[in-house]
Structure formats: C-alpha cells, structure tokens
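Below is protein_35.cif, which holds mmCIF, C-alpha atoms (C1' of nucleotides).
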data_target
loop_
_atom_site.label_atom_id
_atom_site.label_comp_id
_atom_site.auth_asym_id
_atom_site.auth_seq_id
_atom_site.Cartn_x
_atom_site.Cartn_y
_atom_site.Cartn_z
CA MET V 1 -26.46 -17.65 -8.87
CA SER V 2 -23.86 -14.99 -8.67
CA GLY V 3 -20.77 -16.11 -6.84
CA LEU V 4 -19.22 -13.44 -8.99
CA ARG V 5 -20.56 -10.64 -6.85
CA GLN V 6 -18.97 -12.21 -3.79
CA LYS V 7 -15.75 -12.87 -5.67
CA ILE V 8 -15.56 -9.22 -6.66
CA LEU V 9 -16.23 -8.15 -3.08
CA SER V 10 -13.52 -10.32 -1.56
CA THR V 11 -11.03 -9.48 -4.29
CA ALA V 12 -11.64 -5.77 -3.81
CA SER V 13 -11.31 -6.17 -0.05
CA ASN V 14 -7.91 -7.81 -0.41
CA LEU V 15 -6.65 -5.28 -2.92
CA PHE V 16 -7.90 -2.32 -0.91
CA GLN V 17 -6.01 -3.61 2.09
CA THR V 18 -2.76 -4.45 0.36
CA GLN V 19 -2.58 -1.63 -2.19
CA GLY V 20 -4.81 1.05 -0.73
CA ILE V 21 -8.30 2.03 -1.83
CA ASN V 22 -7.49 5.02 -4.00
CA SER V 23 -4.51 3.26 -5.50
CA THR V 24 -6.57 0.29 -6.63
CA GLY V 25 -8.21 0.83 -10.01
CA VAL V 26 -11.37 -0.85 -11.16
CA ASP V 27 -9.42 -2.53 -13.96
CA THR V 28 -7.10 -4.14 -11.43
CA ILE V 29 -10.04 -5.45 -9.43
CA VAL V 30 -11.77 -7.11 -12.38
CA ALA V 31 -8.52 -8.51 -13.73
CA THR V 32 -7.67 -10.06 -10.36
CA ALA V 33 -11.19 -11.36 -9.85
CA GLY V 34 -11.12 -12.88 -13.33
CA THR V 35 -14.07 -10.98 -14.72
CA THR V 36 -14.81 -7.81 -16.65
CA LYS V 37 -15.82 -4.28 -15.91
CA MET V 38 -19.28 -4.81 -17.36
CA THR V 39 -20.02 -7.45 -14.76
CA LEU V 40 -18.65 -5.37 -11.91
CA TYR V 41 -20.80 -2.42 -12.86
CA LYS V 42 -23.82 -4.69 -13.12
CA TYR V 43 -23.50 -5.50 -9.41
CA PHE V 44 -22.08 -2.21 -8.17
CA SER V 45 -23.19 0.93 -9.93
CA SER V 46 -20.03 2.83 -8.98
CA LYS V 47 -16.65 2.34 -7.36
CA GLU V 48 -17.79 4.28 -4.34
CA LEU V 49 -20.70 1.92 -3.87
CA LEU V 50 -18.33 -1.02 -4.12
CA ILE V 51 -16.10 0.51 -1.45
CA LEU V 52 -19.10 1.03 0.83
CA GLU V 53 -20.22 -2.55 0.33
CA VAL V 54 -16.74 -3.90 1.06
CA LEU V 55 -16.64 -1.87 4.26
CA ARG V 56 -20.12 -2.96 5.26
CA GLU V 57 -19.44 -6.64 4.75
CA GLY V 58 -16.10 -6.53 6.53
CA HIS V 59 -17.53 -4.79 9.54
CA GLU V 60 -20.54 -7.09 9.75
CA ASP V 61 -18.33 -10.17 9.54
CA PHE V 62 -16.10 -8.89 12.32
CA GLN V 63 -18.91 -7.85 14.63
CA ALA V 64 -20.85 -11.08 14.09
CA TRP V 65 -17.76 -13.23 14.63
CA LEU V 66 -16.76 -11.35 17.76
CA ASN V 67 -20.26 -11.38 19.22
CA ASP V 68 -20.61 -15.08 18.57
CA LYS V 69 -17.26 -15.88 20.15
CA LEU V 70 -18.10 -13.90 23.27
CA ASN V 71 -21.57 -15.37 23.67
CA THR V 72 -20.46 -18.96 23.34
CA ASN V 73 -17.27 -18.72 25.40
CA ALA V 74 -18.20 -16.36 28.21
CA LYS V 75 -21.13 -16.44 30.58
CA HIS V 76 -21.02 -13.37 32.76
CA PRO V 77 -20.74 -9.85 31.30
CA ALA V 78 -17.51 -9.16 33.15
CA GLU V 79 -16.06 -12.31 31.65
CA LYS V 80 -16.94 -11.08 28.18
CA LEU V 81 -15.10 -7.86 28.78
CA GLN V 82 -12.04 -9.68 30.02
CA LYS V 83 -11.98 -11.98 27.02
CA LEU V 84 -12.67 -9.24 24.50
CA PHE V 85 -9.07 -8.60 23.53
CA ASP V 86 -8.31 -12.31 23.42
CA TYR V 87 -10.64 -12.62 20.47
CA ILE V 88 -9.55 -9.35 18.97
CA GLU V 89 -6.04 -10.75 19.01
CA GLU V 90 -7.26 -13.98 17.43
CA TRP V 91 -9.01 -12.02 14.69
CA VAL V 92 -6.15 -9.69 13.97
CA THR V 93 -3.43 -12.34 13.95
CA SER V 94 -5.46 -14.67 11.75
CA PRO V 95 -3.63 -15.41 8.47
CA ASP V 96 -6.56 -14.28 6.33
CA PHE V 97 -6.94 -11.08 8.29
CA ASN V 98 -7.10 -8.19 5.90
CA GLY V 99 -7.32 -5.19 8.12
CA ILE V 100 -9.94 -3.22 9.94
CA GLY V 101 -11.56 -1.44 7.04
CA PHE V 102 -12.86 1.67 8.69
CA ILE V 103 -9.47 2.53 10.15
CA LYS V 104 -7.87 2.94 6.76
CA ALA V 105 -10.92 4.20 4.92
CA SER V 106 -11.21 7.23 7.19
CA ALA V 107 -7.60 8.08 6.40
CA GLU V 108 -8.06 7.81 2.66
CA PHE V 109 -11.31 9.78 2.68
CA PRO V 110 -10.73 12.52 5.27
CA LYS V 111 -13.56 14.85 4.20
CA GLU V 112 -16.27 14.57 6.81
CA ASP V 113 -19.12 14.76 4.32
CA ASN V 114 -17.75 11.93 2.20
CA PRO V 115 -20.00 8.83 2.24
CA VAL V 116 -17.07 6.49 2.84
CA HIS V 117 -15.81 8.63 5.69
CA LYS V 118 -19.27 8.82 7.20
CA LEU V 119 -19.70 5.06 7.10
CA SER V 120 -16.28 4.57 8.66
CA ALA V 121 -17.09 6.92 11.52
CA GLU V 122 -20.42 5.18 11.98
CA GLN V 123 -18.79 1.77 12.21
CA SER V 124 -16.18 3.04 14.64
CA LEU V 125 -18.93 4.43 16.84
CA GLN V 126 -20.91 1.22 16.52
CA PHE V 127 -17.97 -0.80 17.80
CA ARG V 128 -17.57 1.57 20.71
CA GLU V 129 -21.24 1.26 21.54
CA TYR V 130 -20.91 -2.50 21.52
CA ILE V 131 -18.14 -2.36 24.13
CA LYS V 132 -20.10 0.19 26.09
CA GLN V 133 -22.99 -2.25 26.27
CA LEU V 134 -20.68 -4.96 27.56
CA ALA V 135 -19.29 -2.60 30.19
CA HIS V 136 -22.77 -1.52 31.16
CA GLU V 137 -23.92 -5.10 31.67
CA ALA V 138 -20.85 -5.65 33.84
CA ASN V 139 -22.09 -2.83 36.10
CA ILE V 140 -19.19 -0.55 35.35
CA GLN V 141 -19.80 3.02 36.43
CA ASP V 142 -18.20 4.97 33.60
CA ALA V 143 -19.08 2.46 30.90
CA ASP V 144 -18.80 5.13 28.23
CA GLY V 145 -15.31 6.11 29.31
CA LEU V 146 -13.99 2.59 29.49
CA ALA V 147 -15.51 1.78 26.10
CA LEU V 148 -13.76 4.77 24.57
CA GLN V 149 -10.45 3.80 26.12
CA LEU V 150 -10.70 0.20 24.96
CA SER V 151 -11.63 1.33 21.46
CA LEU V 152 -8.57 3.58 21.50
CA LEU V 153 -6.39 0.59 22.33
CA PHE V 154 -8.11 -1.36 19.58
CA LYS V 155 -7.60 1.37 16.99
CA GLY V 156 -4.02 1.84 18.04
CA ALA V 157 -3.28 -1.87 17.80
CA ALA V 158 -5.00 -2.15 14.42
CA GLN V 159 -3.02 0.83 13.21
CA ALA V 160 0.20 -0.70 14.48
CA GLU V 161 -0.65 -3.98 12.82
CA GLN V 162 -1.30 -2.26 9.51
CA MET V 163 1.97 -0.39 9.84
CA GLN V 164 3.90 -3.55 10.50
CA ARG V 165 2.33 -6.97 10.23
CA GLY V 166 3.18 -9.36 13.01
CA SER V 167 4.02 -6.64 15.49
CA ASP V 168 3.54 -7.45 19.16
CA ALA V 169 1.26 -4.46 19.60
CA ILE V 170 -1.84 -6.59 20.16
CA LYS V 171 -0.15 -8.42 23.00
CA TYR V 172 0.56 -5.22 24.89
CA ALA V 173 -2.82 -3.77 24.01
CA LYS V 174 -4.31 -6.81 25.71
CA MET V 175 -2.26 -6.22 28.84
CA ALA V 176 -3.22 -2.56 28.94
CA ALA V 177 -6.88 -3.50 28.44
CA LYS V 178 -6.70 -5.90 31.36
CA ILE V 179 -5.38 -3.18 33.63
CA LEU V 180 -8.09 -0.73 32.59
CA ILE V 181 -10.87 -3.31 32.86
CA ASP V 182 -9.79 -4.65 36.23
CA GLY V 183 -9.49 -1.14 37.53
CA ALA V 184 -12.98 -0.27 36.35
CA LEU V 185 -14.49 -3.47 37.75
CA THR V 186 -13.16 -3.10 41.28
CA ARG V 187 -14.16 0.52 41.64
CA MET G 1 15.61 33.48 -0.18
CA SER G 2 12.94 31.00 -1.03
CA GLY G 3 9.91 31.40 1.18
CA LEU G 4 8.24 29.68 -1.72
CA ARG G 5 9.64 26.32 -0.76
CA GLN G 6 8.21 26.67 2.72
CA LYS G 7 4.91 27.93 1.35
CA ILE G 8 4.63 24.87 -0.87
CA LEU G 9 5.46 22.60 2.05
CA SER G 10 2.86 24.05 4.39
CA THR G 11 0.24 24.21 1.66
CA ALA G 12 0.84 20.59 0.74
CA SER G 13 0.70 19.61 4.39
CA ASN G 14 -2.70 21.22 4.82
CA LEU G 15 -4.11 19.75 1.64
CA PHE G 16 -2.77 16.28 2.39
CA GLN G 17 -4.47 16.37 5.75
CA THR G 18 -7.82 17.75 4.61
CA GLN G 19 -8.14 16.04 1.23
CA GLY G 20 -5.88 13.04 1.52
CA ILE G 21 -2.44 12.58 -0.03
CA ASN G 22 -3.38 10.55 -3.08
CA SER G 23 -6.43 12.70 -3.69
CA THR G 24 -4.39 15.89 -3.79
CA GLY G 25 -2.94 16.64 -7.20
CA VAL G 26 0.18 18.64 -7.85
CA ASP G 27 -1.90 21.17 -9.77
CA THR G 28 -4.07 21.76 -6.72
CA ILE G 29 -1.03 22.30 -4.52
CA VAL G 30 0.58 24.93 -6.76
CA ALA G 31 -2.74 26.69 -7.38
CA THR G 32 -3.41 26.91 -3.63
CA ALA G 33 0.15 27.97 -2.87
CA GLY G 34 -0.07 30.64 -5.56
CA THR G 35 2.80 29.41 -7.70
CA THR G 36 3.40 27.15 -10.67
CA LYS G 37 4.41 23.58 -11.28
CA MET G 38 7.78 24.64 -12.63
CA THR G 39 8.70 26.19 -9.29
CA LEU G 40 7.44 23.20 -7.30
CA TYR G 41 9.52 20.82 -9.35
CA LYS G 42 12.53 23.06 -8.90
CA TYR G 43 12.41 22.46 -5.15
CA PHE G 44 11.02 18.93 -5.11
CA SER G 45 12.00 16.66 -7.95
CA SER G 46 8.90 14.49 -7.59
CA LYS G 47 5.61 14.36 -5.74
CA GLU G 48 6.87 11.47 -3.66
CA LEU G 49 9.83 13.53 -2.53
CA LEU G 50 7.47 16.35 -1.60
CA ILE G 51 5.38 13.92 0.46
CA LEU G 52 8.47 12.65 2.25
CA GLU G 53 9.59 16.19 3.00
CA VAL G 54 6.18 17.15 4.36
CA LEU G 55 6.23 14.10 6.61
CA ARG G 56 9.76 14.81 7.77
CA GLU G 57 9.09 18.42 8.64
CA GLY G 58 5.85 17.64 10.44
CA HIS G 59 7.43 14.95 12.54
CA GLU G 60 10.46 17.05 13.39
CA ASP G 61 8.27 19.96 14.43
CA PHE G 62 6.19 17.74 16.66
CA GLN G 63 9.11 15.97 18.30
CA ALA G 64 11.04 19.19 18.85
CA TRP G 65 8.02 20.98 20.28
CA LEU G 66 7.18 18.09 22.59
CA ASN G 67 10.73 17.63 23.79
CA ASP G 68 11.08 21.33 24.49
CA LYS G 69 7.82 21.45 26.42
CA LEU G 70 8.81 18.50 28.57
CA ASN G 71 12.30 19.77 29.27
CA THR G 72 11.20 23.23 30.34
CA ASN G 73 8.12 22.22 32.34
CA ALA G 74 9.17 19.01 34.06
CA LYS G 75 12.21 18.26 36.16
CA HIS G 76 12.21 14.62 37.09
CA PRO G 77 11.84 11.86 34.47
CA ALA G 78 8.67 10.50 36.11
CA GLU G 79 7.17 13.96 35.92
CA LYS G 80 7.88 14.08 32.20
CA LEU G 81 6.03 10.84 31.69
CA GLN G 82 3.05 12.06 33.63
CA LYS G 83 2.86 15.29 31.68
CA LEU G 84 3.40 13.64 28.32
CA PHE G 85 -0.26 13.37 27.37
CA ASP G 86 -0.99 16.86 28.65
CA TYR G 87 1.19 18.24 25.90
CA ILE G 88 0.00 15.72 23.37
CA GLU G 89 -3.49 16.99 24.10
CA GLU G 90 -2.31 20.56 23.74
CA TRP G 91 -0.74 19.76 20.37
CA VAL G 92 -3.67 17.81 19.01
CA THR G 93 -6.34 20.27 20.09
CA SER G 94 -4.40 23.25 18.79
CA PRO G 95 -6.35 25.11 16.10
CA ASP G 96 -3.57 24.87 13.55
CA PHE G 97 -3.11 21.17 14.19
CA ASN G 98 -3.12 19.36 10.92
CA GLY G 99 -2.82 15.74 11.84
CA ILE G 100 -0.16 13.24 12.72
CA GLY G 101 1.29 12.65 9.30
CA PHE G 102 2.66 9.15 9.67
CA ILE G 103 -0.67 7.79 10.89
CA LYS G 104 -2.45 8.62 7.67
CA ALA G 105 0.49 8.13 5.34
CA SER G 106 0.87 4.49 6.35
CA ALA G 107 -2.77 3.94 5.50
CA GLU G 108 -2.51 5.55 2.09
CA PHE G 109 0.71 3.73 1.26
CA PRO G 110 0.26 0.23 2.69
CA LYS G 111 3.01 -1.51 0.73
CA GLU G 112 5.85 -2.17 3.11
CA ASP G 113 8.57 -1.40 0.58
CA ASN G 114 7.12 1.97 -0.32
CA PRO G 115 9.39 4.87 0.72
CA VAL G 116 6.52 6.81 2.26
CA HIS G 117 5.38 3.78 4.22
CA LYS G 118 8.91 3.10 5.38
CA LEU G 119 9.39 6.65 6.62
CA SER G 120 6.04 6.50 8.43
CA ALA G 121 6.99 3.29 10.20
CA GLU G 122 10.36 4.79 11.08
CA GLN G 123 8.77 7.87 12.61
CA SER G 124 6.28 5.78 14.53
CA LEU G 125 9.12 3.72 15.95
CA GLN G 126 11.11 6.84 16.71
CA PHE G 127 8.26 8.26 18.77
CA ARG G 128 7.99 4.99 20.65
CA GLU G 129 11.71 5.02 21.35
CA TYR G 130 11.40 8.53 22.70
CA ILE G 131 8.77 7.42 25.21
CA LYS G 132 10.82 4.36 26.04
CA GLN G 133 13.73 6.60 26.93
CA LEU G 134 11.52 8.65 29.24
CA ALA G 135 10.25 5.47 30.90
CA HIS G 136 13.75 4.15 31.25
CA GLU G 137 14.95 7.32 32.94
CA ALA G 138 12.02 7.02 35.31
CA ASN G 139 13.34 3.60 36.35
CA ILE G 140 10.38 1.70 34.98
CA GLN G 141 11.02 -2.02 34.65
CA ASP G 142 9.23 -2.82 31.39
CA ALA G 143 10.01 0.49 29.74
CA ASP G 144 9.57 -1.04 26.32
CA GLY G 145 6.12 -2.39 27.14
CA LEU G 146 4.86 0.83 28.66
CA ALA G 147 6.21 2.82 25.72
CA LEU G 148 4.35 0.57 23.30
CA GLN G 149 1.13 0.88 25.26
CA LEU G 150 1.36 4.66 25.46
CA SER G 151 2.11 4.86 21.76
CA LEU G 152 -0.98 2.74 21.13
CA LEU G 153 -3.08 5.20 23.08
CA PHE G 154 -1.47 8.04 21.16
CA LYS G 155 -2.14 6.41 17.79
CA GLY G 156 -5.68 5.54 18.76
CA ALA G 157 -6.38 9.07 19.91
CA ALA G 158 -4.84 10.58 16.79
CA GLN G 159 -6.90 8.20 14.68
CA ALA G 160 -10.06 9.16 16.58
CA GLU G 161 -9.26 12.82 16.17
CA GLN G 162 -8.78 12.41 12.43
CA MET G 163 -12.08 10.52 12.24
CA GLN G 164 -13.92 13.22 14.09
CA ARG G 165 -12.35 16.53 14.97
CA GLY G 166 -13.04 17.75 18.48
CA SER G 167 -13.76 14.32 19.85
CA ASP G 168 -13.07 13.74 23.55
CA ALA G 169 -10.79 10.81 22.76
CA ILE G 170 -7.65 12.63 23.88
CA LYS G 171 -9.20 13.31 27.25
CA TYR G 172 -9.83 9.63 27.90
CA ALA G 173 -6.51 8.62 26.43
CA LYS G 174 -4.92 10.88 28.99
CA MET G 175 -6.81 9.16 31.80
CA ALA G 176 -5.85 5.73 30.54
CA ALA G 177 -2.23 6.82 30.23
CA LYS G 178 -2.24 8.02 33.82
CA ILE G 179 -3.48 4.64 35.03
CA LEU G 180 -0.84 2.76 33.04
CA ILE G 181 1.99 5.08 34.07
CA ASP G 182 1.08 5.13 37.75
CA GLY G 183 0.81 1.36 37.72
CA ALA G 184 4.23 1.01 36.13
CA LEU G 185 5.85 3.50 38.50
CA THR G 186 4.69 1.89 41.73
CA ARG G 187 5.65 -1.61 40.73
"C1'" DT O 1 24.58 48.30 -17.64
"C1'" DA O 2 25.12 43.44 -18.41
"C1'" DA O 3 24.62 38.93 -16.83
"C1'" DA O 4 22.59 35.45 -14.02
"C1'" DA O 5 19.23 33.54 -11.32
"C1'" DT O 6 14.38 33.05 -10.05
"C1'" DG O 7 9.72 32.81 -11.02
"C1'" DT O 8 5.50 32.92 -14.23
"C1'" DA O 9 2.55 31.41 -17.98
"C1'" DT O 10 1.07 28.11 -20.99
"C1'" DA O 11 0.95 24.36 -23.66
"C1'" DC O 12 1.97 19.85 -24.03
"C1'" DC O 13 3.03 14.55 -23.19
"C1'" DG O 14 1.91 9.70 -22.18
"C1'" DA O 15 -0.33 7.09 -18.83
"C1'" DT O 16 -4.17 6.10 -16.03
"C1'" DT O 17 -8.68 6.97 -14.19
"C1'" DA O 18 -13.98 5.74 -13.75
"C1'" DG O 19 -17.50 4.58 -16.55
"C1'" DT O 20 -20.11 3.32 -21.14
"C1'" DA O 21 -21.43 1.29 -25.82
"C1'" DT O 22 -21.65 -2.60 -28.73
"C1'" DA O 23 -21.25 -7.13 -30.18
"C1'" DA O 24 -20.11 -11.78 -29.38
"C1'" DT O 25 -20.33 -16.05 -26.47
"C1'" DC O 26 -21.87 -19.18 -23.06
"C1'" DG O 27 -25.21 -22.33 -20.55
"C1'" DA O 28 -29.64 -23.41 -19.14
"C1'" DT O 29 -34.57 -23.65 -19.78
"C1'" DC O 30 -38.69 -24.48 -22.49
"C1'" DG L 1 -33.41 -26.43 -31.51
"C1'" DA L 2 -34.65 -21.61 -30.38
"C1'" DT L 3 -34.69 -18.28 -26.75
"C1'" DC L 4 -33.14 -15.78 -22.86
"C1'" DG L 5 -30.22 -14.12 -19.21
"C1'" DA L 6 -25.63 -13.81 -17.72
"C1'" DT L 7 -20.92 -13.07 -18.90
"C1'" DT L 8 -17.07 -11.84 -21.89
"C1'" DA L 9 -14.31 -9.08 -25.05
"C1'" DT L 10 -12.99 -4.94 -26.88
"C1'" DA L 11 -13.00 -0.41 -27.88
"C1'" DC L 12 -14.07 3.95 -26.55
"C1'" DT L 13 -14.81 8.54 -23.88
"C1'" DA L 14 -13.69 12.57 -21.15
"C1'" DA L 15 -11.15 13.82 -17.31
"C1'" DT L 16 -7.18 13.80 -14.46
"C1'" DC L 17 -2.69 12.37 -13.22
"C1'" DG L 18 2.61 13.43 -12.67
"C1'" DG L 19 6.00 15.55 -15.14
"C1'" DT L 20 8.35 18.38 -19.00
"C1'" DA L 21 9.47 21.99 -22.70
"C1'" DT L 22 9.57 26.60 -24.13
"C1'" DA L 23 9.27 31.43 -23.86
"C1'" DC L 24 8.87 35.45 -21.19
"C1'" DA L 25 9.17 38.56 -17.11
"C1'" DT L 26 11.27 39.94 -12.92
"C1'" DT L 27 14.74 40.57 -9.59
"C1'" DT L 28 19.47 40.10 -7.89
"C1'" DT L 29 24.28 40.44 -8.43
"C1'" DA L 30 28.56 42.06 -10.24
#
What does the file become when written as structure tokens?
Amino acid sequence: MSGLRQKILSTASNLFQTQGINSTGVDTIVATAGTTKMTLYKYFSSKELLILEVLREGHEDFQAWLNDKLNTNAKHPAEKLQKLFDYIEEWVTSPDFNGIGFIKASAEFPKEDNPVHKLSAEQSLQFREYIKQLAHEANIQDADGLALQLSLLFKGAAQAEQMQRGSDAIKYAKMAAKILIDGALTR
Amino acid sequence: MSGLRQKILSTASNLFQTQGINSTGVDTIVATAGTTKMTLYKYFSSKELLILEVLREGHEDFQAWLNDKLNTNAKHPAEKLQKLFDYIEEWVTSPDFNGIGFIKASAEFPKEDNPVHKLSAEQSLQFREYIKQLAHEANIQDADGLALQLSLLFKGAAQAEQMQRGSDAIKYAKMAAKILIDGALTR
DNA sequence: TAAAATGTATACCGATTAGTATAATCGATC
DNA sequence: GATCGATTATACTAATCGGTATACATTTTA
C-alpha cells in the first residue's frame, strides 16, 4: 500500500515551502523522497497536478485541524471567534509548520486563469467564508466585513512569517484581531 | 542618453508582476522591450541584478510618492496616520499599479540568504519603520506595535489584491486601520 | 572625415527543465 | 517455483534557461 505517494506529497510540500515551487525540480523531489521519476509520474500525471494535490492536502489539514480545535475548546460562537487567532498562532509557530500554501502559490502563479492560482484563490475565499460563518453565528452585523478584515490580518501575518521565521507578527495580529472582534461584538 | 535602461526596467517590472519573476525569461523581457539581450546585459550584468534593480526602483517610487502625498496633504502627525490608508488605497487601485514588489519576491525567493529575499525583507522592514515614525510623532505609546499591525493590514491587502484584482480588501483594510489608529490615539 | 560609442542580429554554449521509453529488480501471492 | 504488480535504474528527448561571442549597423563626438 503506497506510503510512497504520501512521502512524495510531504517531500514536495517541504521543498516547495523552503525552495519555492518553480525553483523545485521534479528530479529534486524524487531524489529527496528517495524514489524515482517513474514512480512519481505513476501517482501524479504532471507536476502541476502534484502542486495542486500538495495545496489541497495542506489546506484540508489546516482547516480540519482548526475546526476541530475550535469545536472542542470553545462552546459559544463568540468564544470561537475570540480563540481563532490563538490556534492560528499555535499552527503557525509549530516547528513542523511549512507555510500557508495558497499565499505563496498565488504569488508564483499570478495569471488568473492558471489552475494553481485558481485553487489558491478558492482556498483563500473558503477560509474567509469559514470565518464569516463564525461571525454570523456570533450575531455580528457585518459578518462579511469582519471576516475579510480577519483574513487580511491572517494573510499579513502568514506573509510576515514567511518573510522572516519567528517574527512576532502573529502576536500583534492576535491583538489587532481582538480589538476588531470585540468592537464588532459590542456594536 | 539611455532610455533603453528605463524601458527594460519598466518592461521587466510589468512582466514580473503579471507572469511571475521566475517564469519570466530574459528573452521575453528583451523581446517585449524591443531590444536585444546584448543591450540588457550591458546595463544589468545578470538577471538577479535586474530583479534587484526593479525591486529597488519600485519601492523607492512608492515610498517617495507616499511620503510626498502625506507631507502635502496632512499637517499634524496624527492626521498623516489617519490618511495613510487613503493614499495606500489610491496607489493600489491606480490603473498602472503593478504590485508591491517585495510581497511577491519574498514568496518566489524563500531562502533567507538569497539577495532578492534579503532586499524584500529589508524593504518590508523599511516600510514598517516609516509607519513607526509617523506613530511616534503622533505620540502613540506602542508605536512599534501599531506600525506592525498596520503593516500587516497593508501586506494582507496587497496580497488580496494580487490574488484578485479589484477586490474590496483595501476598503476593509482602511476601516480596520481606522479602528486600530483611533484606539491607539485615545489611549 | 575619422574615431568611438551604442545598439542590433544571430548563432551559439552548457546546464536544467518536465516528461518518456526500456529493461532490470524486488516482494508477495498462488 | 512461476507469475504479477510495484519499484528502481538509466538513458533519452525536446524545449527552455541564463549568459556569451562575433559581426554588422547606426549614431555621436571630435
């Protein structure tokens, strides 16, 4: 049963994050994963498809982890909102954190009709919709606006973290989020 | 007097933004600029040096434009802070806007010792320091913190704009910035 | 008018890219 | 022990990459 497929996926994910997507050749991926090109192309029919799969898995992992954390550690919707950036911080500062995929992918594939770019935009929107749902359940008037603002803080912090690992950006993003959330709740 | 050098710079800037830096070959640049590789390499001894120069010019233009706008249209330091995102919006929504270079460059060159990455991080920090100075002059206690938060909003909005042109992210970033600034001023 | 600088045109180099063809090797099942 | 699927190993293709060499044309300067 192919642990190889998973190995290739995780290896590619790491390399994409540390070296860049376009700068990482297929040969480098298979060499690092300890396999050959024939095997890679048996599981992924093209590099683009591999990129898409890496993005998909990364996003699903993040969303599932975040949703699970919020559901088990917060009862009321407003509480979820207030704890959102706590878990974002926990995710981002985790030692095996390897970046928010869709942030970088959209930069490396700027053409709007590119499949990778389209998936990135879709995932970004999906995250925003998730926050919007939380805000809506917390009876916030402009749920859409708050969701957009929080996603901006998230993107900014992720971008800062990718620019310099271990920056204190997340900490201040959390404080800014608290101000925006509290303001929206008491309106 | 070489208008060719400037033509190459602006052409490269446009292509880098619309196609990506790594995805834009030197041949494409010279063909689009209407010149030859020999001329390009007379002005820029390598592609990396061309990238650095494009980044440098873009950042200088932005900083100079922003500083000029603030100085001529706002008197008091607090007023400058409050109008900051108005001009950021004006810059970003301008039709000939071609992206905040250091946002994308840091994604395409993730290695921290890479010259392009280093310049990007430097420019990002420089922008943050600029805001910090404004906040300091406005007698804001945690000038550093506010500057970081505003730069997060700026990065997030720029990232959103690069993901989808014409998004309303800037509008909401402006609103969030107002909340954060007002809160910091009346403390 | 002669010299010098600037730009064009074109062909080339070695390295790297994504992807494929072919044959050999491995382990498990029957 | 033979067979079968999965994996490896290696060599290859055609295209593209950044960068260079050479020869020629044009314009500027003296």
Would you give me, as a short mmCIF file (atom, residue, chain, number, x, y, z; two decimals) with C-alpha atoms (C1' of nucleotides), keeping the file's coordinate frame, the residues of chain L that come within 12 Å of chain V, using all atoms listed in the file?
data_model
loop_
_atom_site.label_atom_id
_atom_site.label_comp_id
_atom_site.auth_asym_id
_atom_site.auth_seq_id
_atom_site.Cartn_x
_atom_site.Cartn_y
_atom_site.Cartn_z
"C1'" DG L 5 -30.22 -14.12 -19.21
"C1'" DA L 6 -25.63 -13.81 -17.72
"C1'" DT L 7 -20.92 -13.07 -18.90
"C1'" DT L 8 -17.07 -11.84 -21.89
"C1'" DA L 9 -14.31 -9.08 -25.05
"C1'" DT L 10 -12.99 -4.94 -26.88
#
Point to revise | Residues of chain V within 12 Å of chain O, all atoms listed in the file counted, as JSON, numbers by chain | key: {"V": [22, 23, 24, 25, 26, 27, 28, 37, 38, 40, 41, 42, 44, 45, 46, 47, 48]}
Review point. What residues in chain V lie within 8 Å of chain G, counting all atoms listed in the file, written as a ChimeraX atom specification?
Key: /V:17-23,103-104,106-112,117,121,145,148-149,151-157,159-160,162-164,169,172-173,176,179-180
Exercise for review: Convert the output of the PyMOL selection byres ((chain G and resi 88) around 10) on the shown file into explicit residues, formatted as a PyMOL selection string.
Suggested key: chain G and resi 62+66+83-87+89-94+154+157-158+170+174
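Atom pair atom CA of G:Ala135 / atom CA of G:Thr72: separated by 17.8 Å.
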Revision key, fill the gap. What separates atom CA of V:Ala33 and atom C1' of L:DA14 is a distance of 26.6 Å
Review point. What does the distance between atom CA of V:Val116 and atom CA of V:Leu52 come to in Å, to one decimal place?
Key: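 Computing it gives 6.2 Å between the two atoms.
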